Structure formats: C-alpha cells, structure tokens
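Below: one structure, written as structure tokens.
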Amino acid sequence: MIYDKLANINLYKGLYPNLDIAIDYICNHDLTKLETGKHEIAGKDVYVSVIELEGKDIASTPFEIHKKYLDIHIDITGCEIIETGDMDHSTETSFDAERDFGIAECENKVTTHLNPEDFYICMLDEPHKPACADGKAQTIKKCVFKVLV
C-alpha cells in the first residue's frame with residue numbers, strides 16, 4: 001500500500017513503466033472532468049474507471065485482491081475508508097483469473113481515510129477493502145486506475 005497526498009504522486013515514478021503512464025495521466029488531466037465509465041489510457045495496460053457509489057458497510061464488505069493489475073484510488077467527491085489487510089496473515093478464499101478479482105480474509109488490517117486530495121495505491125496480492133462509508137451517508141465519485149504490472 002502507498003498512501004500519500006496527490007501533490008506527491010510524482011515521487012512514485014520509476015516503480016513500474018505502466019505506473020509511470022498512469023501517474024503522467026493523473027498529473028496532466030483534470031480528473032474532475034472525466035465522465036462516469038471506463039477510459040483507456042494505454043489500451044488494456046492502463047485504464048481508469050470513474051464510478052459513483054454509496055459508501056459500503058465496512059463490516060460486511062470483503063477484502064478483494066488482484067494478481068495482474070495494481071489499483072490507484074483517487075476520490076473526486078466524498079470521502080471513503082479503505083482497509084488494507086496484512087498479506088502475511090490473509091487467506092485467499094476465491095479468485096477469478098479472467099476478472100483479476102478475488103476475495104480474501106484478513107486477521108490484521110490498517111484503516112486509511114481517503115479524501116479528494118489523497119491517493120491510495122494497492123499492490124498485487126494486497127488485500128484491500130475500498131469504498132467503505134466513513135460514518136455518514138454520502139455518494140462517492142472516484143477514479144480507480146488499473147495498472148498492469
């Protein structure tokens with residue numbers, strides 16, 4: 001997990017070539033102007049989905065994992081909680097390779113409050129629980145960048 005202020009996202013260039021493409025896009029585009037839906041940046045290697053949803057109940061939301069794409073989460077409006085599970089103390093319970101989406105159970109976790117001036121990067125195989133309500137009912141509009149590693 002990488003969690004930082006959006007103003008610092010350039011500090012994370014150099015980890016993966018496709019991550020650099022995503023970071024360049026984030027730095028050079030007004031994300032608030034993106035329409036809801038999927039937008040290709042570098043074909044299937046880097047794309048962003050803009051979604052609007054109500055914050056989910058943290059207790060009933062499972063941890064998800066990905067094995068091919070890392071995620072970059074950026075809230076446009078609203079705030080959310082993202083829990084990140086300890087990879088050393090988690091158990092994968094299911095995985096759909098075609099969708100690159102699995103469910104995991106985690107004993108240990110950390111909680112992050114994501115606001116519009118922040119970003120969150122979830123690495124491969126890292127259990128995470130995004131888009132959870134921060135205690136008040138609100139609609140969250142967010143960008144989820146998918147980056148093939």
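Letters for chains follow the order of the structure tokens (A, B, ...), residue numbers begin at 1 for each chain, and ligand numbers begin at 1 in the order shown.
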
Residue contacts of A:Gly102 (10 Å, only C-alpha atoms) excluding same-chain residues fewer than 2 positions away, as a ChimeraX atom specification: /A:62-67,92-97,99-100,104,125,127

Would you save the residues of that selection, restricted to C-alpha atoms, as a short mmCIF file (atom, residue, chain, number, x, y, z; two decimals), in the first residue's frame?
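What ended up in again08.cif:
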data_model
loop_
_atom_site.label_atom_id
_atom_site.label_comp_id
_atom_site.auth_asym_id
_atom_site.auth_seq_id
_atom_site.Cartn_x
_atom_site.Cartn_y
_atom_site.Cartn_z
CA PRO A 62 -14.98 -8.47 1.94
CA PHE A 63 -11.33 -7.83 1.18
CA GLU A 64 -10.52 -8.01 -2.53
CA ILE A 65 -7.25 -8.93 -4.24
CA HIS A 66 -5.77 -8.63 -7.73
CA LYS A 67 -2.86 -10.54 -9.27
CA GLU A 92 -7.47 -16.15 -0.35
CA THR A 93 -10.94 -17.70 -0.45
CA SER A 94 -11.71 -17.32 -4.16
CA PHE A 95 -10.16 -15.88 -7.32
CA ASP A 96 -11.46 -15.30 -10.85
CA ALA A 97 -8.38 -15.02 -13.11
CA ARG A 99 -11.68 -10.73 -13.99
CA ASP A 100 -8.44 -10.46 -11.95
CA ALA A 104 -9.61 -12.80 0.95
CA ASP A 125 -2.00 -9.65 -3.93
CA PRO A 127 -6.00 -7.43 0.33
#

Write out as a PyMOL selection string each polymer residue whose atoms come within 7 Å of A:Lys68, counting only C-alpha atoms; drop sequence neighbours fewer than 3 positions from it. chain A and resi 100+124+148-149

Once you count only C-alpha atoms, what closest atom pair and distance in Å to one decimal does each residue of stretch 83-136 of chain A within 12 Å of stretch 9-14 of chain A have, with rows by chain and rising residue number, as JSON lines?
{"residue": "A:Glu117", "atom": "CA", "partner": "A:Ile9", "partner_atom": "CA", "distance": 10.8}
{"residue": "A:Asp118", "atom": "CA", "partner": "A:Ile9", "partner_atom": "CA", "distance": 9.1}
{"residue": "A:Phe119", "atom": "CA", "partner": "A:Ile9", "partner_atom": "CA", "distance": 7.8}
{"residue": "A:Tyr120", "atom": "CA", "partner": "A:Ile9", "partner_atom": "CA", "distance": 9.8}
{"residue": "A:Ile121", "atom": "CA", "partner": "A:Tyr12", "partner_atom": "CA", "distance": 10.0}

Could you pull out the strand (DSSP E) residues of chain A, going by DSSP on the backbone, and write them as a PyMOL selection string? chain A and resi 2-5+37-42+46-54+63-65+69-77+80-85+90-96+101-106+109-114+118-122+128-132+139-148

Any chance you could export the current selection's C-alpha atoms as a PDB file, in the first residue's frame?
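What follows is the written file result17.pdb:
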ATOM      1  CA  ILE A   2       1.100   3.508  -0.790  1.00  0.00           C
ATOM      2  CA  TYR A   3      -0.954   6.322   0.708  1.00  0.00           C
ATOM      3  CA  ASP A   4       0.028   9.935   0.205  1.00  0.00           C
ATOM      4  CA  LYS A   5      -1.111  13.377  -0.882  1.00  0.00           C
ATOM      5  CA  GLY A  37     -17.335   4.896 -17.111  1.00  0.00           C
ATOM      6  CA  LYS A  38     -14.148   3.274 -18.364  1.00  0.00           C
ATOM      7  CA  HIS A  39     -11.454   5.319 -20.123  1.00  0.00           C
ATOM      8  CA  GLU A  40      -8.487   3.635 -21.809  1.00  0.00           C
ATOM      9  CA  ILE A  41      -5.141   5.352 -21.348  1.00  0.00           C
ATOM     10  CA  ALA A  42      -2.745   2.728 -22.754  1.00  0.00           C
ATOM     11  CA  VAL A  46      -3.553   1.211 -18.139  1.00  0.00           C
ATOM     12  CA  TYR A  47      -7.120   2.435 -17.831  1.00  0.00           C
ATOM     13  CA  VAL A  48      -9.333   4.276 -15.393  1.00  0.00           C
ATOM     14  CA  SER A  49     -12.878   3.574 -14.288  1.00  0.00           C
ATOM     15  CA  VAL A  50     -14.820   6.528 -12.949  1.00  0.00           C
ATOM     16  CA  ILE A  51     -17.566   5.343 -10.626  1.00  0.00           C
ATOM     17  CA  GLU A  52     -20.202   6.808  -8.343  1.00  0.00           C
ATOM     18  CA  LEU A  53     -21.481   4.790  -5.394  1.00  0.00           C
ATOM     19  CA  GLU A  54     -22.762   4.994  -1.855  1.00  0.00           C
ATOM     20  CA  PHE A  63     -11.328  -7.826   1.177  1.00  0.00           C
ATOM     21  CA  GLU A  64     -10.520  -8.007  -2.530  1.00  0.00           C
ATOM     22  CA  ILE A  65      -7.251  -8.935  -4.238  1.00  0.00           C
ATOM     23  CA  TYR A  69      -3.336  -5.097 -12.010  1.00  0.00           C
ATOM     24  CA  LEU A  70      -2.487  -2.766  -9.183  1.00  0.00           C
ATOM     25  CA  ASP A  71      -5.076  -0.135  -8.257  1.00  0.00           C
ATOM     26  CA  ILE A  72      -4.760   3.604  -7.789  1.00  0.00           C
ATOM     27  CA  HIS A  73      -7.762   5.040  -5.925  1.00  0.00           C
ATOM     28  CA  ILE A  74      -8.495   8.780  -6.068  1.00  0.00           C
ATOM     29  CA  ASP A  75     -11.705  10.281  -4.684  1.00  0.00           C
ATOM     30  CA  ILE A  76     -13.174  13.142  -6.707  1.00  0.00           C
ATOM     31  CA  THR A  77     -16.057  13.898  -4.318  1.00  0.00           C
ATOM     32  CA  GLU A  80     -14.120   6.822   1.988  1.00  0.00           C
ATOM     33  CA  ILE A  81     -12.408   4.370   4.240  1.00  0.00           C
ATOM     34  CA  ILE A  82     -10.093   1.781   2.708  1.00  0.00           C
ATOM     35  CA  GLU A  83      -8.900  -1.088   4.859  1.00  0.00           C
ATOM     36  CA  THR A  84      -5.698  -2.880   3.850  1.00  0.00           C
ATOM     37  CA  GLY A  85      -5.052  -6.403   5.056  1.00  0.00           C
ATOM     38  CA  SER A  90      -4.537 -13.369   4.968  1.00  0.00           C
ATOM     39  CA  THR A  91      -6.236 -16.263   3.239  1.00  0.00           C
ATOM     40  CA  GLU A  92      -7.466 -16.152  -0.346  1.00  0.00           C
ATOM     41  CA  THR A  93     -10.941 -17.702  -0.446  1.00  0.00           C
ATOM     42  CA  SER A  94     -11.711 -17.324  -4.160  1.00  0.00           C
ATOM     43  CA  PHE A  95     -10.164 -15.882  -7.320  1.00  0.00           C
ATOM     44  CA  ASP A  96     -11.464 -15.304 -10.854  1.00  0.00           C
ATOM     45  CA  PHE A 101     -10.600 -10.334  -8.839  1.00  0.00           C
ATOM     46  CA  GLY A 102     -10.514 -12.406  -5.695  1.00  0.00           C
ATOM     47  CA  ILE A 103     -11.784 -12.404  -2.135  1.00  0.00           C
ATOM     48  CA  ALA A 104      -9.610 -12.798   0.945  1.00  0.00           C
ATOM     49  CA  GLU A 105      -9.990 -12.955   4.696  1.00  0.00           C
ATOM     50  CA  CYS A 106      -7.563 -10.993   6.863  1.00  0.00           C
ATOM     51  CA  LYS A 109      -5.542  -4.645   8.897  1.00  0.00           C
ATOM     52  CA  VAL A 110      -4.906  -0.921   8.790  1.00  0.00           C
ATOM     53  CA  THR A 111      -7.511   1.746   8.087  1.00  0.00           C
ATOM     54  CA  THR A 112      -6.977   4.673   5.728  1.00  0.00           C
ATOM     55  CA  HIS A 113      -9.290   7.666   5.283  1.00  0.00           C
ATOM     56  CA  LEU A 114      -9.162   8.709   1.641  1.00  0.00           C
ATOM     57  CA  ASP A 118      -5.107  11.935  -1.369  1.00  0.00           C
ATOM     58  CA  PHE A 119      -4.322   8.806  -3.374  1.00  0.00           C
ATOM     59  CA  TYR A 120      -4.001   5.150  -2.458  1.00  0.00           C
ATOM     60  CA  ILE A 121      -2.075   2.513  -4.424  1.00  0.00           C
ATOM     61  CA  CYS A 122      -2.841  -1.127  -3.737  1.00  0.00           C
ATOM     62  CA  HIS A 128      -7.962  -4.191   0.335  1.00  0.00           C
ATOM     63  CA  LYS A 129     -11.488  -3.123   1.127  1.00  0.00           C
ATOM     64  CA  PRO A 130     -12.260   0.124  -0.774  1.00  0.00           C
ATOM     65  CA  ALA A 131     -15.276   2.439  -0.902  1.00  0.00           C
ATOM     66  CA  CYS A 132     -16.419   1.926   2.668  1.00  0.00           C
ATOM     67  CA  THR A 139     -22.132   9.471  -2.558  1.00  0.00           C
ATOM     68  CA  ILE A 140     -18.528   8.930  -3.521  1.00  0.00           C
ATOM     69  CA  LYS A 141     -17.286   9.727  -7.018  1.00  0.00           C
ATOM     70  CA  LYS A 142     -13.901   8.209  -7.585  1.00  0.00           C
ATOM     71  CA  CYS A 143     -11.315   7.157 -10.132  1.00  0.00           C
ATOM     72  CA  VAL A 144      -9.888   3.657  -9.958  1.00  0.00           C
ATOM     73  CA  PHE A 145      -6.853   3.329 -12.200  1.00  0.00           C
ATOM     74  CA  LYS A 146      -5.945  -0.221 -13.204  1.00  0.00           C
ATOM     75  CA  VAL A 147      -2.243  -0.674 -13.975  1.00  0.00           C
ATOM     76  CA  LEU A 148      -0.910  -3.905 -15.486  1.00  0.00           C
TER      77      LEU A 148
END

Give me, as a ChimeraX atom specification, the residues of chain A that a backbone DSSP run labels alpha helix (DSSP H). /A:17-28

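Nearest to A:Leu6 of all the residues A:Leu34, A:Ala59, A:Asp88, A:Asn115 is A:Asn115, based on only C-alpha atoms.
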
To one decimal place in Å, what is the distance between atom CA of A:Ala137 and atom CA of A:Pro116? 16.7 Å

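You will find atom CA of A:Gly78 at 6.6 Å from atom CA of A:Gln138.
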
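Our summary of the geometry notes that atom CA of A:His89 is positioned 26.0 Å from atom CA of A:Gly55.
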
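Among the candidate residues A:Tyr25, A:Asn18, A:Met123, A:Ala7, the one lying nearest to A:Lys44 is A:Asn18, with distances computed using only C-alpha atoms.
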